file my_file37.cif (mmCIF, C-alpha atoms)
data_protein
#
loop_
_atom_site.label_atom_id
_atom_site.label_comp_id
_atom_site.auth_asym_id
_atom_site.auth_seq_id
_atom_site.Cartn_x
_atom_site.Cartn_y
_atom_site.Cartn_z
CA MET A 1 26.21 -77.79 38.70
CA ARG A 2 22.65 -77.58 40.03
CA LYS A 3 23.42 -74.22 41.64
CA GLN A 4 24.18 -72.50 38.29
CA PRO A 5 20.51 -71.94 37.26
CA LEU A 6 19.85 -70.39 40.69
CA VAL A 7 22.84 -68.09 40.31
CA ASN A 8 21.65 -67.02 36.84
CA LEU A 9 18.17 -66.37 38.17
CA PHE A 10 19.56 -64.32 41.06
CA LEU A 11 21.69 -62.24 38.68
CA LEU A 12 18.70 -61.69 36.40
CA LEU A 13 16.57 -60.48 39.32
CA LEU A 14 19.39 -58.21 40.46
CA VAL A 15 19.63 -56.62 37.00
CA LEU A 16 15.86 -56.11 36.89
CA LEU A 17 15.86 -54.50 40.35
CA LEU A 18 18.72 -52.17 39.42
CA GLY A 19 16.93 -51.19 36.23
CA LEU A 20 13.72 -50.49 38.16
CA TRP A 21 15.64 -48.39 40.69
CA VAL A 22 17.27 -46.33 37.94
CA TRP A 23 13.92 -45.84 36.21
CA LEU A 24 12.15 -44.69 39.40
CA THR A 25 14.98 -42.45 40.65
CA PRO A 26 14.40 -38.81 39.59
CA GLU A 27 17.13 -37.18 37.54
CA GLN A 28 19.45 -34.93 39.48
CA PRO A 29 20.67 -31.66 38.01
CA THR A 30 24.15 -31.96 36.56
CA GLY A 31 25.15 -28.47 37.60
CA ALA A 32 24.01 -25.00 38.48
CA PRO A 33 21.68 -23.38 35.93
CA SER A 34 23.37 -21.00 33.54
CA GLU A 35 22.96 -17.27 34.04
CA PRO A 36 21.03 -15.43 31.31
CA LEU A 37 22.96 -13.03 29.10
CA THR A 38 20.97 -10.07 30.49
CA ARG A 39 18.28 -9.37 33.05
CA LEU A 40 16.27 -7.32 30.57
CA ASP A 41 12.55 -8.06 30.28
CA PRO A 42 11.69 -8.59 26.57
CA ALA A 43 8.24 -7.07 27.19
CA ALA A 44 9.89 -3.86 28.37
CA ILE A 45 11.92 -3.38 25.18
CA GLN A 46 10.48 -0.50 23.16
CA ARG A 47 13.22 0.15 20.62
CA ILE A 48 15.77 -2.01 18.80
CA GLU A 49 18.55 -0.68 16.60
CA ILE A 50 20.63 -3.04 14.44
CA ARG A 51 23.89 -2.14 12.74
CA ASN A 52 25.92 -4.55 10.59
CA ASN A 53 27.99 -4.57 7.42
CA ASN A 54 25.19 -5.90 5.17
CA GLY A 55 23.30 -2.65 4.73
CA PRO A 56 22.23 0.57 6.46
CA ARG A 57 21.26 0.49 10.11
CA PHE A 58 17.59 -0.01 10.88
CA VAL A 59 15.35 0.84 13.80
CA LEU A 60 12.39 -1.14 15.13
CA GLN A 61 9.82 0.48 17.41
CA ARG A 62 7.17 -1.29 19.48
CA GLU A 63 3.59 -0.18 18.92
CA GLY A 64 1.34 -2.04 21.33
CA ARG A 65 1.57 -5.74 20.54
CA GLU A 66 3.14 -5.16 17.15
CA TRP A 67 6.41 -3.71 15.89
CA ARG A 68 7.08 -1.12 13.22
CA MET A 69 10.24 -0.23 11.32
CA THR A 70 10.90 3.51 11.47
CA GLU A 71 14.28 3.63 9.66
CA PRO A 72 15.16 3.35 6.82
CA TYR A 73 11.58 2.34 5.90
CA ARG A 74 8.37 3.36 7.65
CA VAL A 75 6.47 0.08 7.39
CA PRO A 76 5.06 -2.65 9.66
CA ALA A 77 7.82 -4.95 10.91
CA ASN A 78 8.04 -8.73 11.11
CA THR A 79 6.80 -9.12 14.70
CA PRO A 80 7.27 -12.94 14.95
CA ARG A 81 10.91 -12.60 13.90
CA ILE A 82 11.49 -9.82 16.43
CA ASP A 83 10.00 -12.01 19.17
CA ILE A 84 12.62 -14.63 18.32
CA LEU A 85 15.36 -12.00 18.32
CA LEU A 86 14.33 -10.93 21.82
CA ASP A 87 15.26 -14.43 23.05
CA LEU A 88 18.86 -13.24 22.75
CA LEU A 89 18.39 -11.27 25.97
CA SER A 90 17.81 -14.43 28.02
CA THR A 91 20.07 -16.85 26.16
CA PRO A 92 22.34 -18.70 28.65
CA GLN A 93 25.86 -17.44 29.05
CA VAL A 94 28.45 -20.20 29.01
CA GLU A 95 31.16 -17.98 30.47
CA SER A 96 31.78 -14.32 31.23
CA PHE A 97 34.74 -12.24 32.34
CA PRO A 98 35.96 -8.63 32.29
CA LEU A 99 36.84 -7.51 28.78
CA PRO A 100 40.61 -7.11 28.24
CA ALA A 101 40.61 -3.87 26.23
CA GLU A 102 44.03 -4.62 24.73
CA ARG A 103 42.80 -7.93 23.23
CA LEU A 104 39.78 -6.81 21.16
CA THR A 105 41.23 -8.30 17.97
CA GLU A 106 41.51 -11.71 19.60
CA PHE A 107 37.75 -11.76 20.24
CA GLY A 108 36.73 -10.21 16.91
CA LEU A 109 35.63 -7.00 18.60
CA ASP A 110 37.99 -4.60 16.84
CA ARG A 111 35.75 -4.94 13.78
CA PRO A 112 32.50 -6.37 15.17
CA LEU A 113 30.04 -8.22 12.96
CA ALA A 114 27.05 -6.36 14.35
CA GLU A 115 25.79 -4.12 17.14
CA LEU A 116 22.28 -4.58 18.53
CA THR A 117 20.88 -1.99 20.93
CA PHE A 118 17.83 -2.92 23.03
CA ASN A 119 16.56 0.32 24.57
CA GLN A 120 19.91 1.56 25.96
CA THR A 121 21.69 -1.80 26.23
CA ARG A 122 24.16 -2.47 23.42
CA ILE A 123 25.21 -6.03 22.56
CA THR A 124 28.21 -6.30 20.24
CA PHE A 125 28.79 -9.46 18.19
CA GLY A 126 32.41 -10.51 17.96
CA GLY A 127 34.04 -13.65 16.56
CA THR A 128 33.72 -17.27 17.63
CA HIS A 129 35.81 -19.37 19.97
CA PRO A 130 38.51 -21.24 17.95
CA TYR A 131 37.61 -24.67 19.41
CA ASN A 132 33.95 -24.79 20.44
CA TYR A 133 32.72 -22.12 17.97
CA ARG A 134 30.64 -20.34 20.57
CA ARG A 135 30.06 -16.62 20.01
CA TYR A 136 31.79 -13.77 21.84
CA LEU A 137 29.39 -10.99 22.84
CA ARG A 138 30.28 -7.70 24.48
CA ILE A 139 28.03 -5.76 26.86
CA ASP A 140 29.64 -2.66 28.34
CA ASP A 141 33.07 -3.76 29.61
CA ARG A 142 32.27 -7.43 29.99
CA LEU A 143 32.77 -10.32 27.56
CA TYR A 144 30.33 -13.22 27.28
CA LEU A 145 30.52 -16.58 25.55
CA THR A 146 27.19 -18.00 24.31
CA ASN A 147 25.90 -20.63 21.92
CA ASP A 148 25.97 -19.22 18.41
CA ILE A 149 22.25 -19.29 17.50
CA PHE A 150 21.48 -15.63 16.69
CA PRO A 151 23.96 -14.41 14.04
CA HIS A 152 21.49 -14.74 11.14
CA HIS A 153 19.26 -12.19 12.90
CA ALA A 154 22.11 -9.87 13.81
CA LEU A 155 23.47 -9.96 10.24
CA ALA A 156 20.11 -9.56 8.50
CA ARG A 157 19.29 -6.68 6.18
CA ALA A 158 16.54 -4.22 7.02
CA GLU A 159 14.26 -5.74 4.39
CA GLU A 160 14.38 -9.10 6.19
CA PHE A 161 12.71 -7.56 9.25
CA ILE A 162 9.77 -6.10 7.30
CA SER A 163 6.33 -7.68 7.67
CA HIS A 164 5.42 -10.17 4.94
CA ALA A 165 1.86 -8.87 4.86
CA LEU A 166 1.29 -7.00 1.61
CA PHE A 167 -1.17 -4.70 3.41
CA ALA A 168 -1.26 -3.73 7.07
CA GLU A 169 -3.88 -5.30 9.31
CA GLY A 170 -7.17 -3.41 9.09
CA THR A 171 -6.53 -2.13 5.58
CA GLU A 172 -9.70 -1.95 3.49
CA ILE A 173 -9.36 -2.32 -0.27
CA ARG A 174 -11.94 -0.50 -2.39
CA GLU A 175 -10.61 -1.14 -5.89
CA ILE A 176 -8.02 -3.20 -7.76
CA SER A 177 -7.14 -2.27 -11.34
CA THR A 178 -4.82 -4.29 -13.58
CA PRO A 179 -4.20 -3.95 -17.33
CA ASP A 180 -6.67 -6.84 -17.90
CA TRP A 181 -9.43 -6.38 -15.32
CA ARG A 182 -10.85 -4.06 -12.69
CA LEU A 183 -12.51 -5.11 -9.42
CA TYR A 184 -14.26 -2.43 -7.39
CA ASN A 185 -16.62 -2.11 -4.44
CA ASP A 186 -19.79 -0.10 -4.85
CA GLN A 187 -21.92 0.24 -1.71
CA GLY A 188 -20.78 -3.11 -0.33
CA ASP A 189 -21.07 -5.10 -3.57
CA TRP A 190 -18.07 -6.15 -5.68
CA HIS A 191 -18.18 -5.65 -9.43
CA LEU A 192 -15.86 -6.82 -12.20
CA GLU A 193 -14.94 -5.16 -15.48
CA PRO A 194 -15.18 -6.64 -18.01
CA ALA A 195 -18.21 -8.34 -16.49
CA ASN A 196 -18.41 -12.15 -16.36
CA PRO A 197 -21.99 -13.39 -15.82
CA ALA A 198 -20.69 -16.87 -14.94
CA LEU A 199 -19.06 -15.57 -11.75
CA GLU A 200 -20.91 -15.40 -8.46
CA HIS A 201 -20.64 -12.55 -5.96
CA ASP A 202 -18.68 -14.76 -3.54
CA GLN A 203 -15.94 -15.30 -6.13
CA LEU A 204 -15.46 -11.56 -6.53
CA ARG A 205 -15.40 -11.05 -2.78
CA ASP A 206 -12.90 -13.90 -2.38
CA LYS A 207 -10.59 -12.24 -4.89
CA ALA A 208 -10.67 -8.96 -2.97
CA THR A 209 -10.08 -10.86 0.30
CA ALA A 210 -7.11 -12.68 -1.24
CA TRP A 211 -5.51 -9.33 -2.09
CA GLN A 212 -6.29 -7.84 1.29
CA HIS A 213 -4.75 -10.74 3.25
CA THR A 214 -1.82 -11.64 0.99
CA TRP A 215 1.39 -12.78 2.69
CA VAL A 216 4.40 -12.61 0.42
CA ALA A 217 7.31 -15.03 0.33
CA ARG A 218 9.96 -12.36 0.84
CA VAL A 219 10.62 -8.62 0.92
CA ILE A 220 13.66 -7.18 -0.85
CA LYS A 221 15.01 -3.84 -1.96
CA ALA A 222 13.26 -2.71 -5.14
CA PRO A 223 15.23 -3.58 -8.29
CA THR A 224 16.01 -0.85 -10.78
CA THR A 225 14.48 -2.92 -13.58
CA PRO A 226 11.20 -1.33 -14.77
CA GLY A 227 8.02 -3.32 -14.37
CA ASP A 228 6.10 -5.11 -17.13
CA ALA A 229 2.79 -3.64 -15.94
CA THR A 230 1.28 -1.58 -13.14
CA VAL A 231 -1.47 -2.51 -10.69
CA SER A 232 -3.43 0.25 -8.99
CA VAL A 233 -4.96 -0.47 -5.58
CA ARG A 234 -7.29 2.07 -4.01
CA LEU A 235 -7.52 1.93 -0.21
CA ALA A 236 -10.37 3.28 1.89
CA ASP A 237 -8.17 5.56 4.00
CA GLN A 238 -5.97 6.99 1.23
CA ALA A 239 -6.85 9.66 -1.32
CA GLU A 240 -4.31 8.47 -3.89
CA PRO A 241 -4.14 4.87 -5.16
CA LEU A 242 -1.19 2.62 -4.35
CA LEU A 243 0.79 1.80 -7.50
CA LEU A 244 2.57 -1.56 -7.73
CA GLU A 245 4.82 -2.41 -10.65
CA VAL A 246 4.78 -6.04 -11.76
CA ILE A 247 8.08 -7.77 -12.57
CA ARG A 248 7.79 -11.42 -13.60
CA GLN A 249 10.87 -13.54 -12.95
CA LYS A 250 11.52 -17.25 -13.38
CA SER A 251 11.16 -18.12 -9.71
CA GLN A 252 8.78 -15.41 -8.51
CA THR A 253 6.60 -12.44 -9.35
CA LEU A 254 7.54 -9.11 -7.77
CA LEU A 255 5.14 -6.36 -6.78
CA VAL A 256 7.31 -3.25 -6.57
CA ASN A 257 6.33 -0.28 -4.44
CA ARG A 258 8.53 2.50 -5.81
CA ALA A 259 7.31 4.97 -3.20
CA LEU A 260 8.81 2.76 -0.47
CA GLY A 261 11.68 1.36 -2.51
CA LEU A 262 10.58 -2.22 -1.72
CA ALA A 263 9.60 -5.28 -3.72
CA TYR A 264 7.29 -8.01 -2.46
CA GLY A 265 7.88 -11.49 -3.85
CA LEU A 266 4.99 -13.81 -4.74
CA ASN A 267 5.49 -17.53 -5.39
CA SER A 268 3.02 -17.38 -8.30
CA ASP A 269 1.02 -14.85 -10.32
CA ALA A 270 -2.35 -16.23 -9.12
CA LEU A 271 -3.12 -12.92 -7.44
CA LEU A 272 -2.90 -11.15 -10.79
CA ARG A 273 -5.30 -13.47 -12.60
CA SER A 274 -8.85 -12.31 -13.20
CA PRO A 275 -11.41 -13.60 -10.66
CA GLY A 276 -12.54 -17.11 -11.58
CA LEU A 277 -9.63 -17.67 -13.99
CA ARG A 278 -7.82 -20.93 -13.34
CA PRO A 279 -4.09 -21.46 -13.78
CA PRO A 280 -3.06 -22.78 -17.22
CA GLY A 281 -3.58 -26.51 -17.58
CA ILE A 282 -6.22 -26.81 -14.82
CA GLY A 283 -9.73 -27.74 -15.83
CA GLU A 284 -8.87 -28.03 -19.52
#

call {"tool": "encode", "arguments": {"input": "my_file37.cif", "output": "structure tokens"}}
result
Amino acid sequence: MRKQPLVNLFLLLLVLLLGLWVWLTPEQPTGAPSEPLTRLDPAAIQRIEIRNNNGPRFVLQREGREWRMTEPYRVPANTPRIDILLDLLSTPQVESFPLPAERLTEFGLDRPLAELTFNQTRITFGGTHPYNYRRYLRIDDRLYLTNDIFPHHALARAEEFISHALFAEGTEIREISTPDWRLYNDQGDWHLEPANPALEHDQLRDKATAWQHTWVARVIKAPTTPGDATVSVRLADQAEPLLLEVIRQKSQTLLVNRALGLAYGLNSDALLRSPGLRPPGIGE
């Protein structure tokens, strides 16, 4: 009976030593690293074309560090989203094999969900595996199975790849005119009509800066509904002012650019309030 405590102590020490050994032993790889879907260098991609069933095809073109949409709209593109999309090129392939041309329907490739072309490399999105729900992708005459983490980009509309900046970087606003107030720059100083002596120069400048650096919540195709009012914005590098129709909805305020056919959604109408004017209920 006296030996039992010694046995328990020995077992305890053995467990502690095994635990220490496991903790200090480096992890070993469980298998060979997966091959990337392609060998394309994302930095070398200059042009992306996306076709799907949710709208017209659209084309994205690299311009230096930024991207621009050239079709169907000629506007700055959503560069951060495109950077995420480019991760598709190096996503790990779970499996690959020659494409059986007589079995396209089985892999959802007879009527593909989308086709993405990076420079000259076309990636076709098929269906998903019936058991593990991984995505079938086609490149040339080869079929790949990958984790299904990119369909929301492949199935997006053109408007979803447009920059959320209301004005392009470097744009200089010279004047903002609404039905209720006008803010304009005269030789470097901002002025407000009707004038408000209680406002300081910094408040006028801050209002102009807010317009110049506005990021909208979303970009959508312009609705056919006419606007409630029109805002005129004069830019330093354009002879004619930019006209934006205002459509107020329950959940957002839209600034509609009819010339582009696009609407920019704001979470509130704070941008449209006169400089120094607080939202209703604040400061009362």

call {"tool": "closest_residue", "arguments": {"input": "my_file37.cif", "among": "A:Pro72, A:Pro92, A:Pro226, A:Gly64", "to": "Tyr144 in chain A", "atoms": "only C-alpha atoms"}}
result
A:Pro92

call {"tool": "resolve_selection", "arguments": {"input": "my_file37.cif", "expression": "the PyMOL selection byres ((chain A and resi 261) around 10)", "output": "PyMOL selection string"}}
result
chain A and resi 73+220-224+256-260+262-263

call {"tool": "closest_residue", "arguments": {"input": "my_file37.cif", "among": "A:Arg142, A:Lys250, A:Arg111, A:Arg51", "to": "Gly127 in chain A", "atoms": "only C-alpha atoms"}}
result
A:Arg111

call {"tool": "closest_residue", "arguments": {"input": "my_file37.cif", "among": "A:Glu200, A:Gly227, A:Val233, A:Asp180", "to": "Thr253 in chain A", "atoms": "all atoms listed in the file"}}
result
A:Gly227

call {"tool": "atom_distance", "arguments": {"input": "my_file37.cif", "atom1": "CA of His191 in chain A", "atom2": "CA of Glu175 in chain A"}}
result
9.5 Å

call {"tool": "resolve_selection", "arguments": {"input": "my_file37.cif", "expression": "the PyMOL selection byres ((chain A and resi 267) around 6)", "output": "MDAnalysis selection string"}}
result
chainID A and resid 252 266 268

call {"tool": "write_last_selection", "arguments": {"input": "my_file37.cif", "atoms": "C-alpha atoms", "output": "short mmCIF file (atom, residue, chain, number, x, y, z; two decimals), keeping the file's coordinate frame"}}
result
data_model
loop_
_atom_site.label_atom_id
_atom_site.label_comp_id
_atom_site.auth_asym_id
_atom_site.auth_seq_id
_atom_site.Cartn_x
_atom_site.Cartn_y
_atom_site.Cartn_z
CA GLN A 252 8.78 -15.41 -8.51
CA LEU A 266 4.99 -13.81 -4.74
CA SER A 268 3.02 -17.38 -8.30
#

call {"tool": "residues_around", "arguments": {"input": "my_file37.cif", "residues": "Thr146 in chain A", "least_positions_apart": "3", "cutoff": "8 Å", "atoms": "only C-alpha atoms", "output": "ChimeraX atom specification"}}
result
/A:91-95,134-137

call {"tool": "closest_residue", "arguments": {"input": "my_file37.cif", "among": "A:Arg62, A:Arg122, A:Arg157, A:Arg182", "to": "Arg47 in chain A", "atoms": "all atoms listed in the file"}}
result
A:Arg62

call {"tool": "closest_residue", "arguments": {"input": "my_file37.cif", "among": "A:His152, A:Arg234, A:Arg205, A:Arg248", "to": "Tyr264 in chain A", "atoms": "only C-alpha atoms"}}
result
A:Arg248

call {"tool": "resolve_selection", "arguments": {"input": "my_file37.cif", "expression": "the PyMOL selection byres ((chain A and resi 69) around 9)", "output": "PyMOL selection string"}}
result
chain A and resi 58-62+67-68+70-78+158+161-162
